[in-house]
Amino acid sequence: MFYIGIMSGTSLDGIDISLVDIDSSCRHVASQYVPMPAQLKNDLLSLCSSGPDEIQRAALAEQQWAKLAAQGVHQLLQDTNTSATQIRAIGSHGQTIRHEPAQGFTLQIGSPALLTELTGICVVTDFRSRDIAAGGQGAPLVPAFHDMLFKDHAKPCAILNIGGFSNVTLLAEEQDTYGFDCGPGNVLMDAWIQHQKNMAFDQDGTWAASGDVNQQLLASMLQEPFFAAQGPKSTGRELFNLEWLLSLLSQHEAITEQDVQATLCELTARTIAESIQFSQAQTKAIWVCGGGAHNQNLLERLERLLPQCTIASTDSIGICADWMEAMAFAWLAHCCLQGIAANRPAVTGARGLRILGAIYPA
């Protein structure tokens, strides 16, 4: 059964599209990456905080997002010589512009009706809302997928996704799947290098590696209450953003630009390491996916903090690190159409298992 998963993350760099064969497990067949145009990126980023005329701006932005996603889907089908009629459904995460589970809502936009019209394929979307309606965080949703994908791998282990934010799935024999957001992944490092150098991201963590960790700044960052909270928990740009960082920097004497970047990289590594040590101290292997899997400096920091663990990209075991989340949303679409509950109450805090997603038939 062929599905397509579409993921557009908090980094806003582009849209990941994955063609997946879902049989007894889940096999990545092919992929397409569509870069996010600068204007659309700015429009979506501006919707992450309050501003004038939000309803119209959001409606126009999601139309552009859907058109961009549809272009990527058509290109993927063309490149793989696949017909739209061979695809059972598209699982579309959409683009998160607000995530406020404490207030009972999360909002992902992506004009699924338009995406269905443009592709001629059934679209399943809005996966987070039902979990939040049941009292959950609505995130992370990938632990159930990780549980299925890693069912034959040695445990206890952790699957670590480092995108704009970092989240971890903890798997152990004869225990419920557990997971939560650890905190910032790449989001603060990306924001700082863009603010200082007008660069989208720190390639391989090279800039961070050139600086030294400022322990006073790191200690101030770690005072953020989110880090001390136990799961279920999730977070987003509403809390961790450039303004958050600049406010902390204003409380310290001048710190060199590269030392700030080094400290941000250490913050990501430290909060991930402490999360794993606290919640599953016996973890032996950590499989890393997402854009952060390419940040060599970040991985080296994790290795220093977790010397008892083997840390490697999921690429090393044949699971595409760059396409893991897109694959997850293809699988979530499959679960919705099959009537399979895909949240995990121990992860999100929901009152029970729920079937996730809203269906837009072709």
# chains A, B, ... in the order shown; residues from 1 in each chain; ligands from 1

$ select_by_dssp --residues "region 117-321 of chain A" --states "helix (DSSP H, G or I)" --output "PyMOL selection string"
chain A and resi 117-119+129-133+143-149+187-197+203-209+215-222+225-228+242-249+257-279+291-294+296-305+314-317+321

$ residues_around --residues "region 66-83 of chain A" --least-positions-apart "6" --cutoff "12 Å" --atoms "only C-alpha atoms" --output "PyMOL selection string"
chain A and resi 2-8+14-20+29-37+40-41+59-60+89-95+109-121+123

$ atom_distance --atom1 "CA of Asp131 (chain A)" --atom2 "CA of Arg57 (chain A)"
26.8 Å

$ closest_residue --among "A:Ala208, A:Val213, A:Ile272, A:Ala328" --to "Gln296 (chain A)" --atoms "only C-alpha atoms"
A:Ala208

$ residues_around --residues "Ala293 (chain A)" --least-positions-apart "2" --cutoff "10 Å" --atoms "only C-alpha atoms" --output "list of chain:residue names"
A:Leu160, A:Asn161, A:Ile162, A:Gly163, A:Asp204, A:Trp287, A:Val288, A:Cys289, A:Gly290, A:Gly291, A:Asn295, A:Gln296, A:Leu298, A:Leu299, A:Ala312, A:Ser313, A:Thr314, A:Asp315, A:Ala321, A:Asp322

$ write_last_selection --atoms "N, CA and C atoms" --output "compact mmCIF listing (two decimals), in the first residue's frame"
# COMPACT_ATOMS: atom_id res chain seq x y z
N LEU A 160 15.98 9.58 18.84
CA LEU A 160 16.10 11.02 19.09
C LEU A 160 15.90 11.77 17.80
N ASN A 161 14.86 12.56 17.74
CA ASN A 161 14.61 13.41 16.57
C ASN A 161 15.05 14.84 16.92
N ILE A 162 15.98 15.36 16.12
CA ILE A 162 16.45 16.73 16.33
C ILE A 162 16.09 17.55 15.10
N GLY A 163 14.97 18.23 15.19
CA GLY A 163 14.56 19.18 14.16
C GLY A 163 14.71 20.57 14.75
N ASP A 204 27.32 21.52 9.95
CA ASP A 204 28.12 20.58 10.76
C ASP A 204 28.43 21.11 12.16
N TRP A 287 19.43 6.34 18.58
CA TRP A 287 19.38 6.46 17.13
C TRP A 287 18.85 7.85 16.78
N VAL A 288 19.63 8.60 16.03
CA VAL A 288 19.34 10.01 15.80
C VAL A 288 18.78 10.22 14.39
N CYS A 289 17.73 11.03 14.29
CA CYS A 289 17.16 11.39 13.00
C CYS A 289 16.86 12.88 12.99
N GLY A 290 16.42 13.39 11.84
CA GLY A 290 16.18 14.82 11.72
C GLY A 290 17.43 15.56 11.28
N GLY A 291 17.28 16.85 11.03
CA GLY A 291 18.40 17.65 10.55
C GLY A 291 19.59 17.66 11.49
N ASN A 295 24.64 17.41 12.40
CA ASN A 295 25.44 18.37 13.17
C ASN A 295 26.49 17.60 13.98
N GLN A 296 27.67 17.50 13.40
CA GLN A 296 28.72 16.68 14.01
C GLN A 296 29.11 17.19 15.39
N LEU A 298 27.25 18.76 17.55
CA LEU A 298 26.19 18.41 18.49
C LEU A 298 26.28 16.94 18.89
N LEU A 299 26.54 16.07 17.92
CA LEU A 299 26.65 14.64 18.23
C LEU A 299 27.86 14.36 19.13
N ALA A 312 24.28 7.03 17.09
CA ALA A 312 24.49 6.95 15.65
C ALA A 312 23.23 7.39 14.92
N SER A 313 23.41 7.84 13.68
CA SER A 313 22.28 8.19 12.83
C SER A 313 21.48 6.94 12.50
N THR A 314 20.18 7.09 12.33
CA THR A 314 19.36 5.95 11.89
C THR A 314 19.76 5.48 10.50
N ASP A 315 20.46 6.33 9.75
CA ASP A 315 20.97 5.91 8.43
C ASP A 315 21.80 4.64 8.56
N ALA A 321 17.34 8.98 8.03
CA ALA A 321 17.26 9.99 9.09
C ALA A 321 16.54 11.25 8.63
N ASP A 322 16.72 11.63 7.38
CA ASP A 322 16.13 12.87 6.89
C ASP A 322 14.64 12.75 6.61

$ closest_residue --among "A:Gln108, A:Asn42, A:Gln137, A:Gln86" --to "Thr125 (chain A)" --atoms "only C-alpha atoms"
A:Gln108

$ select_by_dssp --residues "region 169-304 of chain A" --states "strand (DSSP E or B)" --output "JSON, numbers by chain"
{"A": [169, 170, 171, 178, 179, 180, 181, 182, 183, 184, 285, 286, 287, 288, 289]}

$ closest_residue --among "A:Leu218, A:Gly357, A:Ala58, A:Leu188" --to "Ala200 (chain A)" --atoms "only C-alpha atoms"
A:Leu188

$ residues_around --residues "Thr96 (chain A)" --least-positions-apart "5" --cutoff "10 Å" --atoms "only C-alpha atoms" --output "PyMOL selection string"
chain A and resi 8-10+12+44-45+47-48+106-110+236-237

$ atom_distance --atom1 "CA of Ile311 (chain A)" --atom2 "CA of Gln223 (chain A)"
27.0 Å

$ closest_residue --among "A:Gln258, A:Ile132, A:Asn167, A:Gly211" --to "Ile193 (chain A)" --atoms "only C-alpha atoms"
A:Gln258

$ atom_distance --atom1 "CA of Glu100 (chain A)" --atom2 "CA of Ser49 (chain A)"
11.7 Å
